[in-house]
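I have placed the structure first, in the form of structure tokens, so that the comments after it can refer back to it.
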There are 4 protein chains.
Amino acid sequence: MSIVVLYGGSRPNGNTESLTKKVIEGLTVEEIYLNDYVIQPIVDKRHAEEGFQEIDDDYNSIIERILPHNILIFATPIYWYSMSGTMKNFIDRWSQTLKDSHYPDFKKQMSQKSAYVISVGGDEPHLKGLPMIQQFQFIFDFVGVHFAGYILGEGNKPGEIIEDKEALFAAEQLNHKLQILLSE
Amino acid sequence: MSIVVLYGGSRPNGNTESLTKKVIEGLTVEEIYLNDYVIQPIVDKRHAEEGFQEIDDDYNSIIERILPHNILIFATPIYWYSMSGTMKNFIDRWSQTLKDSHYPDFKKQMSQKSAYVISVGGDEPHLKGLPMIQQFQFIFDFVGVHFAGYILGEGNKPGEIIEDKEALFAAEQLNHKLQILLSE
Amino acid sequence: MSIVVLYGGSRPNGNTESLTKKVIEGLTVEEIYLNDYVIQPIVDKRHAEEGFQEIDDDYNSIIERILPHNILIFATPIYWYSMSGTMKNFIDRWSQTLKDSHYPDFKKQMSQKSAYVISVGGDEPHLKGLPMIQQFQFIFDFVGVHFAGYILGEGNKPGEIIEDKEALFAAEQLNHKLQILLSE
Amino acid sequence: MSIVVLYGGSRPNGNTESLTKKVIEGLTVEEIYLNDYVIQPIVDKRHAEEGFQEIDDDYNSIIERILPHNILIFATPIYWYSMSGTMKNFIDRWSQTLKDSHYPDFKKQMSQKSAYVISVGGDEPHLKGLPMIQQFQFIFDFVGVHFAGYILGEGNKPGEIIEDKEALFAAEQLNHKLQILLSE
């Protein structure tokens with residue numbers, strides 16, 4: 001068992017990152033800050049004769065780093081009621097990988113993974129973040145990833161997440177659970 | 001009254017674009033293909049001392065082209081159960097404009113506009129596109145834009161949208177409505 | 001192929017009923033007005049030693065009338081952003097039927113059916129009716145019913161539905177589709 | 001400050017009730033088990049000349065018991081991905097109260113209240129219970145009730161809720177919060 005965390009935020013030490021750090025405290029995990037990489041938006045060539053072109057950016061290197069892991073943690077602040085555009089561009093590109101002969105087993109490999117979503121927002125995340133959770137559900141269903149759980153936290157200014165006791169408790173609980181999974 | 005269309009897709013003559021062309025047939029509208037421009041992802045500096053930095057990309061020029069219009073049409077294919085990452089990056093940047101002294105009235109100006117969403121997807125859009133509609137509702141509510149309506153169409157391969165008679169009828173109806181609004 | 005319509009409303013000739021009549025115009029269908037019958041709320045005995053008790057009301061007779069049909073139409077006004085309490089009580093009782101030895105094949109029989117939802121509401125049904133559509137999706141998924149489509153209409157006072165041209169068009173389209181299905 | 005709890009379940013000591021008891025532990029609250037009362041489904045007469053008829057059941061007596069309180073707790077098991085039919089029938093009847101000359105200030109009185117939803121379900125409540133939460137949001141918005149929070153728990157067989165540590169923690173947190181509110 002091993003874990004990879006994908007951070008979608010753009011602010012160092014943001015609330016979502018802080019909450020996620022509680023989740024992975026003391027665990028060995030691979031961490032990827034999407035914001036540090038160049039990820040081009042998808043150009044949809046699913047039905048083009050010539051097919052998708054190879055794109056010269058960091059996307060494939062990230063795919064290669066997540067594929068070996070069993071557990072994916074999507075850690076994104078809520079920007080405008082969904083994941084950040086950076087994380088969305090990363091996921092949009094899966095359409096290309098699904099057709100990419102270098103990754104013939106992408107869907108099968110994904111379908112053996114579990115995923116968690118950790119997300120902090122400032123505008124009623126427990127109500128207005130729900131469409132994002134439903135969207136992740138459809139995304140995970142499409143590639144067969146098991147949606148193992150999510151934590152929604154509330155916070156706006158840096159550091160505010162520490163006042164959300166329920167989110168912190170949920171992070172602690174998930175930390176215990178992941179510890180057990182990793183030791184199996 | 002005047003209309004601006006924001007296209008979020010990446011495929012020329014895609015299904016969403018075709019459906020939108022029915023909506024605006026015979027009307028004078030400004031059309032913006034987001035994919036033709038460079039739009040950097042937001043770097044969240046809302047709470048940073050130094051504030052947001054000026055970004056050297058095409059984002060502001062697009063904002064300037066949409067502000068004069070009363071009616072916004074967001075035309076995005078459904079990519080992974082929501083708007084394209086390109087359109088999401090565009091909207092994420094509104095957080096910067098809301099703090100930008102060059103646009104002190106951004107929210108007020110937006111709040112005087114109406115918006116439509118036109119979106120075609122291949123995987124049960126009438127069910128799995130609903131979180132995206134709810135997300136747009138929250139986005140529009142935040143800046144005070146009136147959510148005047150949406151059309152969800154079904155299609156996957158290029159051209160398939162012409163088989164979705166209900167979407168085409170809805171496009172025709174909206175076309176009539178916009179004709180009347182423009183002539184007022 | 002045969003069709004049964006379940007009406008959940010409480011108002012004769014209400015907007016939802018009118019819209020549904022357009023859908024079934026010229027077709028032979030069985031119509032059940034739930035409001036004409038006594039349907040007790042469920043008493044949850046799924047885990048009780050003694051199991052469910054036989055309830056002396058009209059519920060089972062309605063189940064027997066719907067089981068022979070292939071296509072179910074759930075026609076309910078939107079009351080408080082979901083189906084009427086009357087229709088909800090009817091569906092809640094499925095939990096009993098799923099355990100009822102008189103209907104050992106209930107789930108299997110349901111899983112061979114398709115369902116449509118037709119629903120008119122007065123308060124932004126295309127936005128605020130979406131959670132109801134998602135609820136129906138989960139309901140149908142649970143018993144394996146295929147969710148073949150829905151029509152949301154807007155109307156409040158009696159008769160207002162005739163002004164919702166898109167809903168009427170969708171009703172007409174569905175009428176054609178059902179005609180073809182019935183003749184197969 | 002005072003609290004009223006509305007129970008929508010049909011099973012004594014069910015999981016939702018148990019979780020709610022944790023929330024109100026040590027507090028003086030009024031408790032109403034809807035299942036103990038006769039609540040007729042609404043007959044929609046909003047637009048009928050004669051208006052609504054007085055209904056001879058327990059509905060009004062329940063309204064009179066909830067109106068004096070500031071905080072409403074809706075405690076319903078998830079039945080078929082929403083509140084129980086019993087609770088839905090209760091809420092449907094608000095349409096009558098909104099027109100009832102005996103309660104001329106119903107909406108105004110409701111708009112001064114806050115509400116919590118506590119709900120346990122057996123089938124992925126954190127995903128499949130979300131439309132119910134959105135539905136409650138629209139319900140509360142309509143009458144101006146402040147939606148102060150919700151707890152979703154997971155459990156099926158009686159007693160299972162005690163294994164949902166996050167729900168129990170959230171119940172404890174809410175208990176503290178309500179203690180403080182009641183002492184103000």
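If you're wondering about the labels, chains in the structure tokens are A, B, ... by order shown, residues count from 1 in each chain, ligands from 1 in order shown.
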
Surrounding residues of region 159-174 of chain A excluding itself and chain neighbours under 3 positions, 10 Å, only C-alpha atoms, as a PyMOL selection string: (chain A and resi 13-25+116+118-122+149-156+177-180) or (chain D and resi 165-167+169-174)

Store the residues picked out above, limited to N, CA, C and O atoms, as a compact mmCIF listing (two decimals), in the first residue's frame.
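In the end it all went to part.txt:
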```
# COMPACT_ATOMS: atom_id res chain seq x y z
N ASN A 13 1.20 26.64 1.87
CA ASN A 13 0.64 26.49 3.21
C ASN A 13 -0.81 26.94 3.30
O ASN A 13 -1.24 27.45 4.34
N GLY A 14 -1.55 26.77 2.25
CA GLY A 14 -2.97 27.12 2.26
C GLY A 14 -3.75 26.18 3.19
O GLY A 14 -3.22 25.20 3.71
N ASN A 15 -5.01 26.51 3.39
CA ASN A 15 -5.83 25.74 4.32
C ASN A 15 -6.01 24.28 3.88
O ASN A 15 -5.97 23.37 4.71
N THR A 16 -6.19 24.07 2.61
CA THR A 16 -6.36 22.70 2.12
C THR A 16 -5.07 21.90 2.35
O THR A 16 -5.11 20.76 2.79
N GLU A 17 -3.95 22.54 2.06
CA GLU A 17 -2.67 21.87 2.27
C GLU A 17 -2.47 21.55 3.76
O GLU A 17 -2.09 20.43 4.12
N SER A 18 -2.79 22.50 4.63
CA SER A 18 -2.63 22.27 6.07
C SER A 18 -3.48 21.10 6.53
O SER A 18 -3.03 20.25 7.32
N LEU A 19 -4.71 21.07 6.07
CA LEU A 19 -5.61 19.99 6.48
C LEU A 19 -5.08 18.65 5.97
O LEU A 19 -5.11 17.63 6.68
N THR A 20 -4.57 18.66 4.76
CA THR A 20 -4.03 17.43 4.18
C THR A 20 -2.80 16.96 4.93
O THR A 20 -2.58 15.76 5.12
N LYS A 21 -1.99 17.91 5.40
CA LYS A 21 -0.79 17.54 6.17
C LYS A 21 -1.19 16.80 7.45
O LYS A 21 -0.46 15.91 7.91
N LYS A 22 -2.33 17.17 8.03
CA LYS A 22 -2.82 16.43 9.20
C LYS A 22 -3.18 15.00 8.80
O LYS A 22 -2.97 14.05 9.56
N VAL A 23 -3.74 14.86 7.62
CA VAL A 23 -4.17 13.53 7.15
C VAL A 23 -2.97 12.61 6.96
O VAL A 23 -3.05 11.41 7.23
N ILE A 24 -1.85 13.18 6.51
CA ILE A 24 -0.71 12.33 6.15
C ILE A 24 0.41 12.39 7.19
O ILE A 24 1.51 11.86 6.97
N GLU A 25 0.11 13.02 8.33
CA GLU A 25 1.12 13.18 9.39
C GLU A 25 1.76 11.83 9.75
O GLU A 25 1.06 10.87 10.08
N TYR A 116 -9.40 9.72 -2.08
CA TYR A 116 -10.00 10.64 -1.10
C TYR A 116 -9.92 12.05 -1.66
O TYR A 116 -8.98 12.38 -2.38
N ILE A 118 -9.87 16.01 -0.32
CA ILE A 118 -9.76 16.91 0.84
C ILE A 118 -9.81 18.32 0.30
O ILE A 118 -9.04 18.69 -0.60
N SER A 119 -10.73 19.10 0.83
CA SER A 119 -11.02 20.37 0.18
C SER A 119 -11.54 21.38 1.19
O SER A 119 -12.45 21.10 1.96
N VAL A 120 -10.94 22.55 1.17
CA VAL A 120 -11.37 23.62 2.09
C VAL A 120 -11.89 24.79 1.26
O VAL A 120 -11.31 25.15 0.24
N GLY A 121 -12.97 25.34 1.70
CA GLY A 121 -13.56 26.49 1.02
C GLY A 121 -14.05 27.51 2.02
O GLY A 121 -14.25 27.20 3.20
N GLY A 122 -14.28 28.71 1.55
CA GLY A 122 -14.65 29.78 2.45
C GLY A 122 -16.13 30.13 2.43
O GLY A 122 -16.62 30.83 3.31
N GLY A 149 -13.79 8.37 0.42
CA GLY A 149 -14.24 9.36 1.40
C GLY A 149 -13.74 10.75 1.07
O GLY A 149 -12.92 10.93 0.17
N TYR A 150 -14.29 11.71 1.79
CA TYR A 150 -13.85 13.08 1.57
C TYR A 150 -13.94 13.85 2.88
O TYR A 150 -14.67 13.45 3.80
N ILE A 151 -13.18 14.93 2.95
CA ILE A 151 -13.29 15.85 4.07
C ILE A 151 -13.48 17.25 3.49
O ILE A 151 -12.67 17.70 2.69
N LEU A 152 -14.57 17.87 3.88
CA LEU A 152 -14.78 19.28 3.52
C LEU A 152 -14.48 20.12 4.75
O LEU A 152 -14.99 19.85 5.84
N GLY A 153 -13.66 21.13 4.59
CA GLY A 153 -13.35 22.02 5.70
C GLY A 153 -13.72 23.44 5.34
O GLY A 153 -13.90 23.78 4.18
N GLU A 154 -13.84 24.26 6.39
CA GLU A 154 -14.19 25.66 6.16
C GLU A 154 -13.04 26.55 6.56
O GLU A 154 -12.47 26.42 7.65
N GLY A 155 -12.70 27.48 5.69
CA GLY A 155 -11.63 28.41 6.01
C GLY A 155 -11.42 29.34 4.84
O GLY A 155 -11.69 28.98 3.69
N ASN A 156 -10.96 30.51 5.13
CA ASN A 156 -10.75 31.49 4.07
C ASN A 156 -9.33 32.05 4.19
O ASN A 156 -8.46 31.67 3.42
N LYS A 177 -6.68 5.60 9.88
CA LYS A 177 -7.10 4.60 8.90
C LYS A 177 -5.99 4.34 7.88
O LYS A 177 -5.69 3.18 7.54
N LEU A 178 -5.36 5.41 7.43
CA LEU A 178 -4.29 5.26 6.43
C LEU A 178 -3.06 4.58 7.04
O LEU A 178 -2.41 3.77 6.39
N GLN A 179 -2.78 4.90 8.31
CA GLN A 179 -1.68 4.21 9.00
C GLN A 179 -1.87 2.70 8.96
O GLN A 179 -0.94 1.94 8.67
N ILE A 180 -3.09 2.30 9.27
CA ILE A 180 -3.40 0.87 9.29
C ILE A 180 -3.26 0.28 7.88
O ILE A 180 -2.65 -0.77 7.68
N LYS D 165 -17.51 7.07 13.95
CA LYS D 165 -16.86 7.97 14.92
C LYS D 165 -16.94 9.43 14.53
O LYS D 165 -17.01 10.31 15.38
N GLU D 166 -16.88 9.69 13.23
CA GLU D 166 -16.94 11.10 12.81
C GLU D 166 -18.32 11.68 13.06
O GLU D 166 -18.44 12.83 13.48
N ALA D 167 -19.35 10.88 12.84
CA ALA D 167 -20.71 11.38 13.12
C ALA D 167 -20.87 11.62 14.62
O ALA D 167 -21.46 12.62 15.04
N PHE D 169 -18.51 12.35 16.75
CA PHE D 169 -17.75 13.54 17.11
C PHE D 169 -18.51 14.81 16.72
O PHE D 169 -18.59 15.77 17.49
N ALA D 170 -19.08 14.78 15.52
CA ALA D 170 -19.85 15.95 15.07
C ALA D 170 -21.05 16.18 15.99
O ALA D 170 -21.40 17.32 16.30
N ALA D 171 -21.67 15.08 16.46
CA ALA D 171 -22.80 15.21 17.38
C ALA D 171 -22.36 15.85 18.70
O ALA D 171 -23.05 16.72 19.25
N GLU D 172 -21.20 15.43 19.18
CA GLU D 172 -20.64 15.99 20.41
C GLU D 172 -20.35 17.49 20.25
O GLU D 172 -20.66 18.29 21.13
N GLN D 173 -19.75 17.83 19.11
CA GLN D 173 -19.44 19.23 18.86
C GLN D 173 -20.71 20.08 18.83
O GLN D 173 -20.77 21.17 19.36
N LEU D 174 -21.73 19.53 18.16
CA LEU D 174 -22.99 20.27 18.05
C LEU D 174 -23.64 20.38 19.43
O LEU D 174 -24.23 21.41 19.77
```

Provide as an MDAnalysis selection string the residues of chain D at most 12 Å from chain B, counting only C-alpha atoms. chainID D and resid 130:131 134

Residues within 6 Å of region 47-64 of chain B, please, as a PDB file with N, CA, C and O atoms, in the first residue's frame. Count only C-alpha atoms; anything in the same chain fewer than 5 positions from it doesn't count.
```pdb
ATOM      1  N   TYR B  37      -6.465  31.789 -26.475  1.00  0.00           N
ATOM      2  CA  TYR B  37      -5.740  32.762 -25.659  1.00  0.00           C
ATOM      3  C   TYR B  37      -4.948  32.067 -24.557  1.00  0.00           C
ATOM      4  O   TYR B  37      -5.228  30.925 -24.200  1.00  0.00           O
ATOM      5  N   VAL B  38      -4.000  32.793 -24.022  1.00  0.00           N
ATOM      6  CA  VAL B  38      -3.235  32.299 -22.877  1.00  0.00           C
ATOM      7  C   VAL B  38      -3.882  32.840 -21.609  1.00  0.00           C
ATOM      8  O   VAL B  38      -3.998  34.065 -21.434  1.00  0.00           O
ATOM      9  N   ILE B  39      -4.351  31.944 -20.790  1.00  0.00           N
ATOM     10  CA  ILE B  39      -4.957  32.334 -19.511  1.00  0.00           C
ATOM     11  C   ILE B  39      -4.244  31.550 -18.417  1.00  0.00           C
ATOM     12  O   ILE B  39      -4.404  30.337 -18.305  1.00  0.00           O
TER      13      ILE B  39
END
```

Apply DSSP to the backbone of this structure and, from chain D, keep only the residues in helix (DSSP H, G or I); write these as a PyMOL selection string. chain D and resi 15-23+34-36+59-66+85-92+94-97+106-110+125-128+130-143+160-163+165-183

Write the residues of the selection above to a file with C-alpha atoms, as a PDB file, in the first residue's frame.
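File written: selection27.pdb
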```pdb
ATOM      1  CA  ASN D  15     -29.799   5.080  14.261  1.00  0.00           C
ATOM      2  CA  THR D  16     -30.935   8.605  13.453  1.00  0.00           C
ATOM      3  CA  GLU D  17     -32.693   8.883  16.782  1.00  0.00           C
ATOM      4  CA  SER D  18     -29.616   7.572  18.631  1.00  0.00           C
ATOM      5  CA  LEU D  19     -27.357  10.072  16.914  1.00  0.00           C
ATOM      6  CA  THR D  20     -29.781  12.873  17.678  1.00  0.00           C
ATOM      7  CA  LYS D  21     -29.901  11.861  21.336  1.00  0.00           C
ATOM      8  CA  LYS D  22     -26.145  12.470  21.439  1.00  0.00           C
ATOM      9  CA  VAL D  23     -26.725  15.926  20.004  1.00  0.00           C
ATOM     10  CA  LEU D  34     -43.997  12.656  13.756  1.00  0.00           C
ATOM     11  CA  ASN D  35     -44.799   8.988  13.449  1.00  0.00           C
ATOM     12  CA  ASP D  36     -46.997   9.182  16.562  1.00  0.00           C
ATOM     13  CA  TYR D  59     -50.671  18.805  11.856  1.00  0.00           C
ATOM     14  CA  ASN D  60     -51.608  22.177  13.342  1.00  0.00           C
ATOM     15  CA  SER D  61     -50.895  21.041  16.870  1.00  0.00           C
ATOM     16  CA  ILE D  62     -47.353  20.204  15.781  1.00  0.00           C
ATOM     17  CA  ILE D  63     -46.921  23.576  14.101  1.00  0.00           C
ATOM     18  CA  GLU D  64     -47.985  25.212  17.332  1.00  0.00           C
ATOM     19  CA  ARG D  65     -45.397  23.269  19.246  1.00  0.00           C
ATOM     20  CA  ILE D  66     -42.545  24.184  16.926  1.00  0.00           C
ATOM     21  CA  GLY D  85     -42.490  10.270   3.579  1.00  0.00           C
ATOM     22  CA  THR D  86     -43.877  11.133   6.989  1.00  0.00           C
ATOM     23  CA  MET D  87     -41.573  14.106   7.354  1.00  0.00           C
ATOM     24  CA  LYS D  88     -42.179  15.074   3.724  1.00  0.00           C
ATOM     25  CA  ASN D  89     -45.920  15.111   4.290  1.00  0.00           C
ATOM     26  CA  PHE D  90     -45.367  17.346   7.290  1.00  0.00           C
ATOM     27  CA  ILE D  91     -43.306  19.815   5.251  1.00  0.00           C
ATOM     28  CA  ASP D  92     -45.674  19.665   2.266  1.00  0.00           C
ATOM     29  CA  TRP D  94     -46.405  24.175   5.124  1.00  0.00           C
ATOM     30  CA  SER D  95     -47.925  25.306   1.813  1.00  0.00           C
ATOM     31  CA  GLN D  96     -51.248  25.319   3.593  1.00  0.00           C
ATOM     32  CA  THR D  97     -49.947  27.108   6.683  1.00  0.00           C
ATOM     33  CA  PHE D 106     -45.763  31.789   9.733  1.00  0.00           C
ATOM     34  CA  LYS D 107     -43.074  32.746   7.237  1.00  0.00           C
ATOM     35  CA  LYS D 108     -41.823  35.615   9.354  1.00  0.00           C
ATOM     36  CA  GLN D 109     -41.646  33.416  12.435  1.00  0.00           C
ATOM     37  CA  MET D 110     -39.844  30.675  10.538  1.00  0.00           C
ATOM     38  CA  PRO D 125     -25.019   8.629   2.865  1.00  0.00           C
ATOM     39  CA  HIS D 126     -22.056  10.974   2.345  1.00  0.00           C
ATOM     40  CA  LEU D 127     -22.564  10.703  -1.394  1.00  0.00           C
ATOM     41  CA  LYS D 128     -26.159   9.626  -1.959  1.00  0.00           C
ATOM     42  CA  LEU D 130     -26.294  14.997  -0.751  1.00  0.00           C
ATOM     43  CA  PRO D 131     -29.395  15.707  -2.862  1.00  0.00           C
ATOM     44  CA  MET D 132     -31.424  15.542   0.365  1.00  0.00           C
ATOM     45  CA  ILE D 133     -29.158  18.152   1.932  1.00  0.00           C
ATOM     46  CA  GLN D 134     -29.580  20.367  -1.118  1.00  0.00           C
ATOM     47  CA  GLN D 135     -33.337  19.866  -0.914  1.00  0.00           C
ATOM     48  CA  PHE D 136     -33.353  20.961   2.733  1.00  0.00           C
ATOM     49  CA  GLN D 137     -31.320  23.994   1.712  1.00  0.00           C
ATOM     50  CA  PHE D 138     -34.002  25.042  -0.779  1.00  0.00           C
ATOM     51  CA  ILE D 139     -36.761  24.326   1.756  1.00  0.00           C
ATOM     52  CA  PHE D 140     -35.095  26.420   4.426  1.00  0.00           C
ATOM     53  CA  ASP D 141     -34.288  29.211   1.962  1.00  0.00           C
ATOM     54  CA  PHE D 142     -37.930  29.402   0.920  1.00  0.00           C
ATOM     55  CA  VAL D 143     -39.153  30.159   4.433  1.00  0.00           C
ATOM     56  CA  GLU D 160     -24.596   0.600  13.887  1.00  0.00           C
ATOM     57  CA  ILE D 161     -24.282   4.356  14.212  1.00  0.00           C
ATOM     58  CA  ILE D 162     -21.983   3.947  17.211  1.00  0.00           C
ATOM     59  CA  GLU D 163     -19.298   2.774  14.816  1.00  0.00           C
ATOM     60  CA  LYS D 165     -16.865   7.965  14.919  1.00  0.00           C
ATOM     61  CA  GLU D 166     -16.941  11.096  12.806  1.00  0.00           C
ATOM     62  CA  ALA D 167     -20.708  11.377  13.123  1.00  0.00           C
ATOM     63  CA  LEU D 168     -20.445  10.893  16.878  1.00  0.00           C
ATOM     64  CA  PHE D 169     -17.751  13.541  17.112  1.00  0.00           C
ATOM     65  CA  ALA D 170     -19.849  15.947  15.068  1.00  0.00           C
ATOM     66  CA  ALA D 171     -22.801  15.208  17.383  1.00  0.00           C
ATOM     67  CA  GLU D 172     -20.643  15.990  20.408  1.00  0.00           C
ATOM     68  CA  GLN D 173     -19.439  19.233  18.856  1.00  0.00           C
ATOM     69  CA  LEU D 174     -22.989  20.268  18.055  1.00  0.00           C
ATOM     70  CA  ASN D 175     -24.007  19.375  21.596  1.00  0.00           C
ATOM     71  CA  HIS D 176     -21.397  21.792  22.978  1.00  0.00           C
ATOM     72  CA  LYS D 177     -22.533  24.497  20.590  1.00  0.00           C
ATOM     73  CA  LEU D 178     -26.185  24.080  21.516  1.00  0.00           C
ATOM     74  CA  GLN D 179     -25.322  24.127  25.231  1.00  0.00           C
ATOM     75  CA  ILE D 180     -23.706  27.503  24.761  1.00  0.00           C
ATOM     76  CA  LEU D 181     -26.615  28.807  22.677  1.00  0.00           C
ATOM     77  CA  LEU D 182     -29.164  27.661  25.272  1.00  0.00           C
ATOM     78  CA  SER D 183     -27.273  29.344  28.094  1.00  0.00           C
TER      79      SER D 183
END
```

Taking the chain letters and numbering used in this document, name the residues of region 21-150 of chain C that DSSP puts in strand (DSSP E or B), as a PyMOL selection string. chain C and resi 29-33+71-75+79+82+114-121+146-150

Between CA of Ala75 (chain C) and CA of Pro158 (chain C) - distance in Å to one decimal: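 Rounded to one decimal, the two atoms are 15.7 Å apart.
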
Please, what distance in Å, to one decimal, runs between CA of Asp123 (chain D) and CA of Asp123 (chain A)?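 The value is 27.9 Å.
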